file model.cif (mmCIF, C-alpha atoms)
data_coords
loop_
_atom_site.label_atom_id
_atom_site.label_comp_id
_atom_site.auth_asym_id
_atom_site.auth_seq_id
_atom_site.Cartn_x
_atom_site.Cartn_y
_atom_site.Cartn_z
CA TYR A 1 14.36 -8.21 -38.42
CA ILE A 2 14.31 -6.76 -34.89
CA ILE A 3 11.35 -4.58 -33.93
CA ASP A 4 11.93 -2.84 -30.61
CA GLU A 5 8.98 -1.61 -28.52
CA VAL A 6 6.65 -3.59 -30.76
CA HIS A 7 3.64 -2.67 -28.62
CA MET A 8 3.81 0.82 -30.15
CA LEU A 9 2.56 -0.48 -33.52
CA SER A 10 -0.98 0.47 -34.44
CA LYS A 11 -3.79 -2.05 -34.90
CA SER A 12 -3.55 -1.66 -38.68
CA ALA A 13 0.19 -2.31 -38.58
CA PHE A 14 -0.32 -5.48 -36.55
CA ASN A 15 -2.96 -6.68 -39.05
CA ALA A 16 -0.58 -6.06 -41.94
CA LEU A 17 2.17 -7.97 -40.14
CA LEU A 18 -0.06 -10.92 -39.24
CA LYS A 19 -0.06 -12.54 -42.70
CA THR A 20 3.73 -12.43 -42.87
CA LEU A 21 3.98 -14.03 -39.44
CA GLU A 22 1.61 -16.82 -40.43
CA GLU A 23 3.63 -17.75 -43.55
CA PRO A 24 7.11 -16.27 -43.17
CA PRO A 25 9.78 -16.87 -45.81
CA PRO A 26 12.30 -19.50 -44.72
CA PHE A 27 15.15 -17.00 -44.67
CA VAL A 28 13.39 -14.41 -42.44
CA LYS A 29 13.37 -14.28 -38.63
CA PHE A 30 11.44 -11.68 -36.62
CA ILE A 31 12.51 -10.66 -33.13
CA PHE A 32 10.03 -8.54 -31.20
CA ALA A 33 11.05 -6.69 -28.03
CA THR A 34 8.62 -5.02 -25.65
CA THR A 35 8.28 -3.93 -22.04
CA GLU A 36 4.45 -3.93 -22.17
CA LEU A 37 3.45 -7.38 -23.36
CA GLN A 38 -0.21 -6.86 -22.47
CA LYS A 39 -0.52 -4.31 -25.31
CA VAL A 40 0.46 -6.84 -27.99
CA PRO A 41 -2.61 -8.50 -29.61
CA GLU A 42 -3.25 -12.17 -28.85
CA THR A 43 -3.17 -12.96 -32.58
CA ILE A 44 0.48 -11.89 -32.61
CA LEU A 45 1.44 -13.55 -29.32
CA SER A 46 -0.02 -16.91 -30.37
CA ARG A 47 2.35 -17.02 -33.36
CA CYS A 48 5.53 -16.17 -31.44
CA MET A 49 7.87 -17.93 -29.04
CA ARG A 50 8.07 -15.97 -25.80
CA PHE A 51 11.25 -15.36 -23.83
CA ASP A 52 11.04 -13.35 -20.56
CA LEU A 53 14.26 -11.49 -19.76
CA LYS A 54 14.99 -11.27 -16.05
CA ARG A 55 16.56 -8.35 -14.21
CA MET A 56 20.28 -8.61 -13.59
CA ASP A 57 21.51 -8.66 -10.02
CA ILE A 58 23.64 -5.88 -8.60
CA LYS A 59 26.83 -7.96 -8.55
CA THR A 60 26.60 -8.76 -12.27
CA ILE A 61 26.17 -5.09 -13.14
CA THR A 62 28.98 -3.91 -10.86
CA ASP A 63 31.35 -6.59 -12.21
CA ARG A 64 30.62 -5.52 -15.77
CA MET A 65 31.17 -1.84 -14.93
CA ALA A 66 34.43 -2.73 -13.19
CA HIS A 67 35.59 -4.59 -16.31
CA ILE A 68 34.70 -1.67 -18.60
CA THR A 69 36.35 0.98 -16.42
CA ALA A 70 39.49 -1.15 -16.10
CA CYS A 71 39.73 -1.43 -19.89
CA GLU A 72 39.24 2.34 -20.22
CA HIS A 73 41.80 3.05 -17.45
CA ILE A 74 39.14 4.69 -15.27
CA THR A 75 39.00 4.32 -11.49
CA LEU A 76 35.49 3.51 -10.22
CA GLU A 77 34.99 3.56 -6.47
CA PRO A 78 33.20 0.38 -5.25
CA ASP A 79 30.52 2.34 -3.41
CA ALA A 80 29.88 4.44 -6.54
CA ALA A 81 29.48 1.26 -8.59
CA THR A 82 26.95 -0.07 -6.06
CA LEU A 83 24.90 3.14 -6.22
CA ILE A 84 24.82 3.06 -10.03
CA ALA A 85 23.85 -0.62 -10.10
CA ARG A 86 21.02 -0.03 -7.63
CA ALA A 87 19.74 2.94 -9.64
CA ALA A 88 19.78 0.80 -12.82
CA GLU A 89 17.13 -1.50 -11.27
CA GLY A 90 18.36 -4.63 -13.02
CA SER A 91 18.99 -3.06 -16.46
CA MET A 92 22.56 -3.31 -17.77
CA ARG A 93 21.82 -0.71 -20.45
CA ASP A 94 20.62 1.83 -17.87
CA GLY A 95 23.60 1.05 -15.66
CA LEU A 96 26.10 1.72 -18.46
CA SER A 97 24.26 4.92 -19.42
CA LEU A 98 24.54 6.15 -15.82
CA LEU A 99 28.21 5.16 -15.81
CA ASP A 100 28.78 7.35 -18.90
CA GLN A 101 27.05 10.28 -17.21
CA ALA A 102 29.09 9.81 -14.05
CA PHE A 103 32.34 9.80 -16.04
CA VAL A 104 31.37 13.05 -17.81
CA LEU A 105 30.65 14.72 -14.46
CA SER A 106 33.82 13.42 -12.82
CA ARG A 107 37.04 15.33 -12.71
CA GLY A 108 39.87 13.32 -14.15
CA SER A 109 39.70 9.54 -14.42
CA VAL A 110 38.21 8.83 -10.98
CA ILE A 111 34.46 8.36 -10.53
CA GLN A 112 33.79 9.19 -6.89
CA THR A 113 30.85 8.13 -4.73
CA GLU A 114 29.78 11.70 -3.94
CA THR A 115 29.71 12.54 -7.64
CA VAL A 116 27.38 9.64 -8.34
CA ARG A 117 25.21 10.46 -5.35
CA SER A 118 24.85 14.07 -6.50
CA MET A 119 24.13 12.97 -10.07
CA LEU A 120 21.35 10.63 -8.94
CA GLY A 121 19.86 13.27 -6.64
CA LEU A 122 20.35 11.07 -3.57
CA SER A 123 20.74 12.43 -0.08
CA SER A 124 23.89 11.53 1.75
CA LYS A 125 23.31 8.15 3.37
CA ASP A 126 24.96 9.49 6.52
CA HIS A 127 22.25 12.17 6.74
CA VAL A 128 19.48 9.63 6.11
CA PHE A 129 20.82 7.31 8.80
CA ASP A 130 21.23 10.22 11.24
CA VAL A 131 17.63 11.33 10.75
CA LEU A 132 16.28 7.78 11.09
CA LYS A 133 18.34 7.24 14.23
CA ALA A 134 16.81 10.40 15.69
CA VAL A 135 13.31 9.25 14.68
CA LEU A 136 13.73 5.77 16.14
CA SER A 137 15.23 7.14 19.35
CA GLY A 138 12.54 9.85 19.71
CA ASP A 139 14.90 12.84 19.56
CA VAL A 140 12.58 15.57 18.22
CA VAL A 141 15.10 18.39 18.63
CA LYS A 142 17.69 16.54 16.57
CA ILE A 143 15.14 15.81 13.86
CA LEU A 144 14.38 19.52 13.49
CA SER A 145 18.04 20.51 13.33
CA LEU A 146 18.99 17.77 10.84
CA THR A 147 16.07 18.46 8.51
CA ASP A 148 16.80 22.20 8.65
CA ILE A 149 20.34 21.48 7.50
CA LEU A 150 19.08 19.29 4.66
CA TYR A 151 16.64 22.01 3.57
CA GLU A 152 19.38 24.66 3.62
CA ASN A 153 21.56 22.40 1.46
CA GLY A 154 18.82 22.22 -1.18
CA CYS A 155 17.62 18.69 -0.47
CA ASP A 156 14.21 17.87 -1.98
CA PRO A 157 11.86 16.63 0.80
CA LEU A 158 10.28 14.01 -1.47
CA LEU A 159 13.62 12.63 -2.63
CA PHE A 160 14.76 12.47 0.97
CA LEU A 161 11.58 10.62 1.94
CA LYS A 162 12.19 8.11 -0.87
CA ASP A 163 15.72 7.55 0.42
CA ALA A 164 14.37 7.12 3.96
CA LEU A 165 11.78 4.58 2.80
CA ASP A 166 14.42 2.67 0.86
CA THR A 167 16.70 2.66 3.89
CA LEU A 168 13.90 1.47 6.18
CA TYR A 169 13.11 -1.32 3.72
CA ASN A 170 16.76 -2.36 3.83
CA MET A 171 16.61 -2.33 7.64
CA ILE A 172 13.56 -4.61 7.55
CA CYS A 173 15.33 -7.02 5.18
CA VAL A 174 18.46 -7.08 7.36
CA LYS A 175 16.37 -7.53 10.51
CA ALA A 176 14.57 -10.47 8.92
CA ASN A 177 17.74 -12.01 7.48
CA SER A 178 21.18 -10.79 8.53
CA ALA A 179 22.71 -12.55 5.52
CA ALA A 180 21.26 -9.78 3.34
CA LEU A 181 24.19 -7.59 4.40
CA ASN A 182 26.56 -9.73 2.35
CA GLN A 183 24.62 -9.90 -0.89
CA GLY A 184 26.48 -7.02 -2.55
CA MET A 185 23.61 -4.53 -2.21
CA PHE A 186 25.21 -2.19 0.35
CA THR A 187 28.36 -0.16 0.73
CA GLU A 188 30.66 -0.86 3.67
CA ALA A 189 29.47 2.25 5.54
CA GLU A 190 25.84 1.22 4.99
CA LYS A 191 26.54 -2.26 6.34
CA ILE A 192 27.87 -0.81 9.60
CA SER A 193 24.96 1.60 10.04
CA LEU A 194 22.34 -1.02 9.19
CA SER A 195 23.85 -3.51 11.60
CA GLU A 196 23.97 -0.96 14.45
CA ILE A 197 20.41 0.32 14.04
CA THR A 198 18.69 -3.04 13.55
CA GLN A 199 20.18 -4.39 16.77
CA ASN A 200 18.34 -1.82 18.90
CA ILE A 201 14.89 -1.75 17.28
CA SER A 202 12.16 -4.36 16.87
CA MET A 203 10.81 -5.60 13.56
CA ALA A 204 7.31 -4.37 14.47
CA SER A 205 8.58 -0.82 15.04
CA LEU A 206 10.49 -0.78 11.76
CA MET A 207 7.46 -1.94 9.80
CA GLN A 208 5.22 0.55 11.59
CA VAL A 209 7.55 3.47 10.80
CA TRP A 210 7.81 2.38 7.15
CA GLN A 211 4.03 2.13 6.87
CA ILE A 212 3.45 5.60 8.32
CA LEU A 213 6.03 7.30 6.09
CA ASN A 214 4.79 5.44 3.02
CA ASP A 215 1.18 6.48 3.72
CA ARG A 216 2.18 10.12 4.22
CA TYR A 217 4.07 10.42 0.90
CA ASP A 218 1.11 11.73 -1.10
CA LYS A 219 0.18 14.21 1.62
CA ILE A 220 3.72 15.61 1.68
CA TYR A 221 3.65 15.81 -2.12
CA LYS A 222 0.42 17.85 -2.05
CA ALA A 223 1.37 19.99 0.95
CA PRO A 224 1.91 23.74 0.31
CA PHE A 225 5.22 23.51 2.23
CA PRO A 226 6.66 19.98 1.72
CA GLY A 227 9.67 20.65 3.96
CA GLN A 228 7.50 21.56 6.94
CA ALA A 229 5.17 18.64 6.22
CA LEU A 230 8.13 16.25 6.27
CA GLN A 231 9.29 17.58 9.65
CA VAL A 232 5.84 17.18 11.18
CA VAL A 233 5.49 13.63 9.82
CA LEU A 234 8.89 12.65 11.23
CA MET A 235 7.90 14.06 14.61
CA GLN A 236 4.63 12.11 14.46
CA VAL A 237 6.59 8.93 13.89
CA CYS A 238 8.62 9.64 17.04
CA TYR A 239 5.50 9.19 19.11
CA VAL A 240 4.71 5.72 17.77
CA ALA A 241 8.11 4.19 17.03
CA HIS A 242 8.38 2.61 20.48
CA LEU A 243 4.78 1.83 21.28
CA PRO A 244 4.52 -1.38 23.32
CA PRO A 245 2.72 -4.40 21.86
CA LEU A 246 -1.05 -4.11 21.73
CA SER A 247 -1.44 -7.08 24.06
CA ASP A 248 0.58 -5.28 26.76
CA ILE A 249 -1.48 -2.11 26.35
CA LEU A 250 -4.79 -3.95 26.62
CA SER A 251 -3.66 -5.90 29.66
CA GLY A 252 -2.41 -2.74 31.38
CA SER A 253 1.06 -4.18 31.94
CA ALA A 254 2.77 -1.43 29.97
CA MET A 255 1.84 2.16 30.77
CA VAL A 256 3.75 4.61 28.59
CA TYR A 257 3.72 8.41 28.73
CA PRO A 258 5.47 11.06 26.65
CA VAL A 259 8.36 12.94 28.16
CA GLU A 260 6.34 16.16 28.37
CA VAL A 261 3.66 14.62 30.63
CA SER A 262 3.92 15.56 34.27
CA PRO A 263 4.67 12.81 36.78
CA VAL A 264 1.83 10.51 37.76
CA PRO A 265 0.20 11.75 41.01
CA ALA A 266 0.59 9.71 44.18
CA PRO A 267 -2.26 7.26 44.87
CA LEU A 268 -4.93 8.12 47.42
CA ALA A 269 -4.82 6.55 50.85
CA SER A 270 -7.67 4.22 49.95
CA GLN A 271 -5.67 2.98 46.97
CA THR A 272 -2.37 2.27 48.64
CA SER A 273 -3.04 -1.44 48.68
CA ALA A 274 -3.39 -1.58 44.89
CA PRO A 275 -0.35 -2.78 42.93
CA ALA A 276 1.80 -0.01 41.45
CA LEU A 277 2.05 0.35 37.69
CA SER A 278 5.42 0.64 35.99
CA VAL A 279 5.67 3.98 34.16
CA THR A 280 8.26 4.40 31.42
CA ALA A 281 9.13 7.84 30.04
CA ALA A 282 9.31 7.79 26.27
CA PRO A 283 8.43 10.20 23.45
CA MET A 284 5.03 8.84 22.50
CA VAL A 285 1.32 9.39 23.00
CA SER A 286 -0.21 8.53 26.36
CA MET A 287 -2.33 5.43 26.11
CA GLY A 288 -4.22 5.93 29.41
CA THR A 289 -5.82 3.23 31.55
CA GLU A 290 -9.18 2.92 29.87
CA SER A 291 -10.39 -0.49 28.83
CA PRO A 292 -10.59 -1.20 25.09
CA ILE A 293 -13.64 0.13 23.25
CA ALA A 294 -16.34 -2.48 22.78
CA THR A 295 -16.93 -3.62 19.23
CA ASN A 296 -20.02 -2.22 17.52
CA VAL A 297 -21.51 -5.35 15.95
CA PRO A 298 -25.12 -5.12 14.64
CA ALA A 299 -27.44 -7.68 16.23
CA SER A 300 -29.08 -8.90 13.01
CA PHE A 301 -28.51 -8.89 9.27
CA GLU A 302 -31.12 -6.16 8.80
CA ASP A 303 -29.34 -4.06 11.44
CA LEU A 304 -26.07 -4.65 9.58
CA VAL A 305 -27.56 -3.32 6.34
CA MET A 306 -28.82 -0.23 8.15
CA PHE A 307 -25.42 0.14 9.79
CA ILE A 308 -23.79 0.21 6.34
CA ARG A 309 -26.33 2.81 5.20
CA ASP A 310 -25.61 5.00 8.24
CA LYS A 311 -21.88 4.85 7.44
CA ARG A 312 -22.66 6.38 4.03
CA GLU A 313 -21.61 3.48 1.83
CA PRO A 314 -24.36 3.65 -0.84
CA MET A 315 -22.86 1.11 -3.27
CA LEU A 316 -22.20 -1.47 -0.56
CA TYR A 317 -25.66 -0.82 0.91
CA THR A 318 -27.32 -1.44 -2.47
CA HIS A 319 -25.43 -4.70 -3.03
CA MET A 320 -26.29 -5.92 0.47
CA ARG A 321 -30.00 -5.29 -0.14
CA SER A 322 -30.34 -6.55 -3.71
CA ASP A 323 -27.46 -8.81 -4.75
CA ILE A 324 -27.05 -11.33 -1.92
CA VAL A 325 -29.27 -13.88 -0.16
CA LEU A 326 -28.52 -14.40 3.52
CA ALA A 327 -27.45 -17.88 4.62
CA SER A 328 -26.31 -17.21 8.20
CA TYR A 329 -25.22 -14.27 10.31
CA GLY A 330 -23.49 -13.99 13.65
CA GLU A 331 -20.84 -11.96 15.44
CA GLY A 332 -17.72 -12.13 13.29
CA HIS A 333 -19.32 -14.40 10.66
CA LEU A 334 -21.48 -13.79 7.59
CA SER A 335 -22.32 -16.30 4.86
CA PHE A 336 -24.54 -15.64 1.86
CA TYR A 337 -25.41 -16.63 -1.70
CA ALA A 338 -24.20 -14.00 -4.17
CA LYS A 339 -26.21 -13.24 -7.29
CA SER A 340 -24.57 -12.72 -10.66
CA SER A 341 -25.14 -8.96 -10.30
CA ALA A 342 -22.82 -8.79 -7.26
CA PRO A 343 -19.32 -7.42 -8.03
CA LYS A 344 -16.44 -9.90 -8.10
CA ASN A 345 -14.61 -8.14 -5.27
CA PHE A 346 -17.70 -7.88 -3.07
CA ILE A 347 -16.31 -10.14 -0.33
CA VAL A 348 -13.11 -8.08 -0.14
CA LEU A 349 -15.03 -4.79 0.09
CA LEU A 350 -17.47 -6.10 2.69
CA LYS A 351 -14.79 -7.71 4.85
CA ALA A 352 -12.68 -4.52 4.80
CA PHE A 353 -15.71 -2.43 5.82
CA LEU A 354 -16.72 -4.75 8.66
CA GLU A 355 -13.24 -5.02 10.15
CA LYS A 356 -12.72 -1.27 9.91
CA HIS A 357 -15.98 -0.29 11.64
CA THR A 358 -16.33 -3.11 14.18
CA SER A 359 -12.67 -3.47 15.23
CA MET A 360 -12.77 -7.26 14.97
CA SER A 361 -11.89 -9.99 12.50
CA TRP A 362 -14.67 -11.30 10.22
CA VAL A 363 -15.19 -14.46 8.18
CA VAL A 364 -17.20 -13.60 5.06
CA GLU A 365 -18.25 -16.57 2.94
CA ASP A 366 -19.96 -16.86 -0.46
CA LYS A 367 -21.87 -20.17 -0.80
CA GLY A 368 -22.35 -19.80 -4.53
CA VAL A 369 -25.60 -19.76 -6.52
CA PRO A 370 -28.66 -19.00 -4.34
CA PRO A 371 -31.46 -21.60 -4.04
CA PRO A 372 -34.45 -21.06 -6.39
CA ALA A 373 -36.83 -19.88 -3.65
CA ALA A 374 -34.28 -17.75 -1.80
CA GLN A 375 -34.88 -13.98 -1.71
CA SER A 376 -32.70 -10.97 -1.12
CA LEU A 377 -33.52 -8.42 1.55
CA HIS A 378 -34.95 -6.10 -1.09
CA GLU A 379 -37.20 -8.87 -2.45
CA ILE A 380 -38.37 -9.79 1.07
CA GLU A 381 -39.22 -6.15 1.83
CA ASP A 382 -40.99 -5.80 -1.52
CA ALA A 383 -43.08 -8.91 -0.80
CA ARG A 384 -44.01 -7.52 2.61
CA TYR A 385 -45.02 -4.25 1.00
CA GLN A 386 -47.17 -5.97 -1.62
CA LYS A 387 -48.90 -7.97 1.13
CA LYS A 388 -49.61 -4.79 3.11
CA ALA A 389 -50.93 -3.10 -0.04
CA ILE A 390 -53.35 -5.98 -0.68
CA GLU A 391 -54.50 -5.93 2.94
CA ALA A 392 -55.05 -2.17 2.74
CA VAL A 393 -57.14 -2.44 -0.41
CA ASP A 394 -59.32 -5.09 1.25
CA HIS A 395 -59.86 -3.00 4.39
CA PRO A 396 -63.53 -1.90 4.81
CA LEU A 397 -62.65 1.77 5.33
CA VAL A 398 -60.59 1.83 2.13
CA LYS A 399 -63.43 0.21 0.22
CA ASP A 400 -65.83 2.85 1.49
CA ILE A 401 -63.45 5.63 0.42
CA VAL A 402 -63.13 4.12 -3.05
CA LYS A 403 -66.91 4.05 -3.35
CA ILE A 404 -67.16 7.74 -2.37
CA PHE A 405 -64.31 8.73 -4.74
CA PRO A 406 -64.66 6.59 -7.86
CA GLY A 407 -61.33 5.91 -9.56
CA ALA A 408 -59.29 6.41 -6.38
CA LYS A 409 -56.36 4.00 -5.94
CA VAL A 410 -54.01 3.10 -3.12
CA SER A 411 -50.66 4.47 -4.29
CA ALA A 412 -48.60 3.87 -1.15
CA VAL A 413 -48.91 2.10 2.16
#
call {"tool": "encode", "arguments": {"input": "model.cif", "output": "C-alpha cells"}}
result
Amino acid sequence: YIIDEVHMLSKSAFNALLKTLEEPPPFVKFIFATTELQKVPETILSRCMRFDLKRMDIKTITDRMAHITACEHITLEPDAATLIARAAEGSMRDGLSLLDQAFVLSRGSVIQTETVRSMLGLSSKDHVFDVLKAVLSGDVVKILSLTDILYENGCDPLLFLKDALDTLYNMICVKANSAALNQGMFTEAEKISLSEITQNISMASLMQVWQILNDRYDKIYKAPFPGQALQVVLMQVCYVAHLPPLSDILSGSAMVYPVEVSPVPAPLASQTSAPALSVTAAPMVSMGTESPIATNVPASFEDLVMFIRDKREPMLYTHMRSDIVLASYGEGHLSFYAKSSAPKNFIVLLKAFLEKHTSMSWVVEDKGVPPPAAQSLHEIEDARYQKKAIEAVDHPLVKDIVKIFPGAKVSAV
C-alpha cells in the first residue's frame, strides 16, 4: 500500500494506523511518501525505515527529456531543455510536466527556447544581461531605456528581479569557480555572457550588488509602482557597484567622486607642498575626506545597559538587567553568566545589537551557570534601594515625622 503525502492524515488516522504498523500481516508492505517529514508523528517514524530522495541534477533531467522527445519524434532545443530542467528544481516529475506544457504550446514538433521562456514567465536572458552590464558599468541612461522597454513589453518587475538575482548568483559561482560553466547548468549564450562579465568585475562588487537587490525585493513588492521602484533600485546600485575597498577609503588612498560632481578645486598656495590625491570619476557616491567616525562604546556595564535602553530595545534591556550576571566587561568584549530565564538566542541578539550600534566587532561569552552569590544588575540595584530605605527609616528626622503622624510609612526613597 502506497500512501502519498502521508503528513496530511489527521491525528486520529495516524492512531488508527499505528496498531497495524506495529503488527503488520506478513503479506502487507506500507510505503509512505511525504515532502514534510516534520509533520509525521514520532510514533509513526520510529516504526518505519527512512529513505531520503535527493534532487536530480540538471544533466539527468535533460538526458531523460531528450530520450523521451526522441522516442516521440519531437525536436527539443538544448537551451529549452536546460531551462525546463532548471525550472524543475531537481524533480523529474515536474520537469516532464513542464515538457508536456511546452509541447502543447509549441507549433509543430519543435519545442523552441523562446516558447519555453515565455511559458515559464522568464525575461529574455539577453535583456537581463544587458541591464546587469549597464548596472555594473554605471550607465544610468541605459538602465532607464532598457527597463522602459521591458515594461512596455509587459515584463513583471518582480519576475525580472528574480531573474537578475539568479543571474548574479550564477556570476558569483562562476567567479568563484570557472569550472561551473561546464556543469550543464547554462546555455551556450549564457556561458559567453557570464564569462565576459565576470572578467571585468570583482567578487566583492558582485556580492554587494546581489545583497542590495535581494534586500530591496520586499520593498519593490510593496511599492505602489513596482516598475518605478525597480528603476530607482537599479540606479542606486550603480552608485555602489564600484566602491573601492573599505581599507582604501579609510586610508585616503582612493578618493572617488560621481560623474556629476564638479572638478576638485585647485589647492591653496599654502597647500601646494601637500601630496596630490588621485581622483577617479565614477558613478558613485562621494566618500569625502573625513576620518572614520569614532565608535560609541559605553565606558561601563551600567552605561551599556542604559545605552541599550536609549536605543529603545526594551526586551534586550530587560534581559540585560535581570537575566545575566556580569563577569567582565571591556571594549569589544563582554562575558557573563546567563540565568535560565535568558532566551537561548540572547548572545546572538546582543552581539548583533552591539556591532550595529558601535561599528566594531564584539566577543560575547556565556560562562554558564552563575555562582551562588552572584547578582544581576537588577538585584544589585534592588539591594542598594533596600539599604537606602533602611537608612531613611533610621534617620532622626524621619523618626520625628513618624511620631507626629502615627501610621506613616516610607513608601519610596
call {"tool": "closest_residue", "arguments": {"input": "model.cif", "among": "A:Gln386, A:Asn214, A:Thr198, A:Ser300", "to": "Leu234 (chain A)", "atoms": "all atoms listed in the file"}}
result
A:Asn214
call {"tool": "atom_distance", "arguments": {"input": "model.cif", "atom1": "CA of Gln38 (chain A)", "atom2": "CA of His7 (chain A)"}}
result
8.4 Å
call {"tool": "closest_residue", "arguments": {"input": "model.cif", "among": "A:Phe346, A:Phe14, A:Tyr1, A:Phe27", "to": "Val40 (chain A)", "atoms": "all atoms listed in the file"}}
result
A:Phe14
call {"tool": "resolve_selection", "arguments": {"input": "model.cif", "expression": "the PyMOL selection byres ((chain A and resi 324) around 12)", "output": "ChimeraX atom specification"}}
result
/A:301,305,316-323,325-328,334-343,346-347,350,365-371,374-380
call {"tool": "residues_around", "arguments": {"input": "model.cif", "residues": "Asp156 (chain A)", "least_positions_apart": "6", "cutoff": "12 Å", "atoms": "all atoms listed in the file", "output": "PyMOL selection string"}}
result
chain A and resi 121-123+147-150+162-163+220-221+225-228+230
call {"tool": "closest_residue", "arguments": {"input": "model.cif", "among": "A:Ala16, A:Leu96, A:Leu158, A:Val297", "to": "Met360 (chain A)", "atoms": "all atoms listed in the file"}}
result
A:Val297
call {"tool": "resolve_selection", "arguments": {"input": "model.cif", "expression": "the PyMOL selection byres ((chain A and resi 55) around 7)", "output": "list in words"}}
result
Leu53, Lys54, Met56, Asp57, Gly90 and Ser91 of chain A
call {"tool": "atom_distance", "arguments": {"input": "model.cif", "atom1": "CA of Lys191 (chain A)", "atom2": "CA of Ser145 (chain A)"}}
result
25.3 Å
call {"tool": "atom_distance", "arguments": {"input": "model.cif", "atom1": "CA of Glu331 (chain A)", "atom2": "CA of Ala352 (chain A)"}}
result
15.3 Å
call {"tool": "closest_residue", "arguments": {"input": "model.cif", "among": "A:Lys388, A:Lys19, A:Arg107, A:Arg216", "to": "Ala412 (chain A)", "atoms": "all atoms listed in the file"}}
result
A:Lys388
call {"tool": "residues_around", "arguments": {"input": "model.cif", "residues": "Ser106 (chain A)", "least_positions_apart": "4", "cutoff": "12 Å", "atoms": "all atoms listed in the file", "output": "ChimeraX atom specification"}}
result
/A:74-77,80,99-102,110-119
call {"tool": "residues_near_point", "arguments": {"input": "model.cif", "point": "(23.0, 11.3, 8.0)", "cutoff": "12 Å", "atoms": "all atoms listed in the file", "output": "NGL selection string"}}
result
:A and (122-135 or 142-143 or 145-147 or 149-150 or 160 or 163-164 or 167 or 189-190 or 193)
call {"tool": "resolve_selection", "arguments": {"input": "model.cif", "expression": "the PyMOL selection byres ((chain A and resi 206) around 9)", "output": "compact mmCIF listing (two decimals) with C-alpha atoms, in the coordinates of the input"}}
result
# COMPACT_ATOMS: atom_id res chain seq x y z
CA LEU A 136 13.73 5.77 16.14
CA LEU A 168 13.90 1.47 6.18
CA TYR A 169 13.11 -1.32 3.72
CA MET A 171 16.61 -2.33 7.64
CA ILE A 172 13.56 -4.61 7.55
CA THR A 198 18.69 -3.04 13.55
CA ILE A 201 14.89 -1.75 17.28
CA SER A 202 12.16 -4.36 16.87
CA MET A 203 10.81 -5.60 13.56
CA ALA A 204 7.31 -4.37 14.47
CA SER A 205 8.58 -0.82 15.04
CA MET A 207 7.46 -1.94 9.80
CA GLN A 208 5.22 0.55 11.59
CA VAL A 209 7.55 3.47 10.80
CA TRP A 210 7.81 2.38 7.15
CA GLN A 211 4.03 2.13 6.87
CA ALA A 241 8.11 4.19 17.03
call {"tool": "closest_residue", "arguments": {"input": "model.cif", "among": "A:Ile58, A:Val104, A:Leu37, A:Ile31", "to": "Gln183 (chain A)", "atoms": "all atoms listed in the file"}}
result
A:Ile58
call {"tool": "residues_around", "arguments": {"input": "model.cif", "residues": "Ile84 (chain A)", "least_positions_apart": "2", "cutoff": "8 Å", "atoms": "all atoms listed in the file", "output": "list in words"}}
result
Ala80, Ala81, Thr82, Arg86, Ala87, Ala88, Gly95, Leu98, Leu99 and Val116 of chain A
call {"tool": "closest_residue", "arguments": {"input": "model.cif", "among": "A:Tyr151, A:Ile404, A:His73, A:Asp139", "to": "Gly108 (chain A)", "atoms": "only C-alpha atoms"}}
result
A:His73
call {"tool": "axis_aligned_box", "arguments": {"input": "model.cif", "around": "region 100-108 of chain A", "padding_each_side": "3 Å", "output": "JSON"}}
result
{"center_x": 33.5, "center_y": 11.3, "center_z": -15.8, "size_x": 18.8, "size_y": 14.0, "size_z": 12.2}
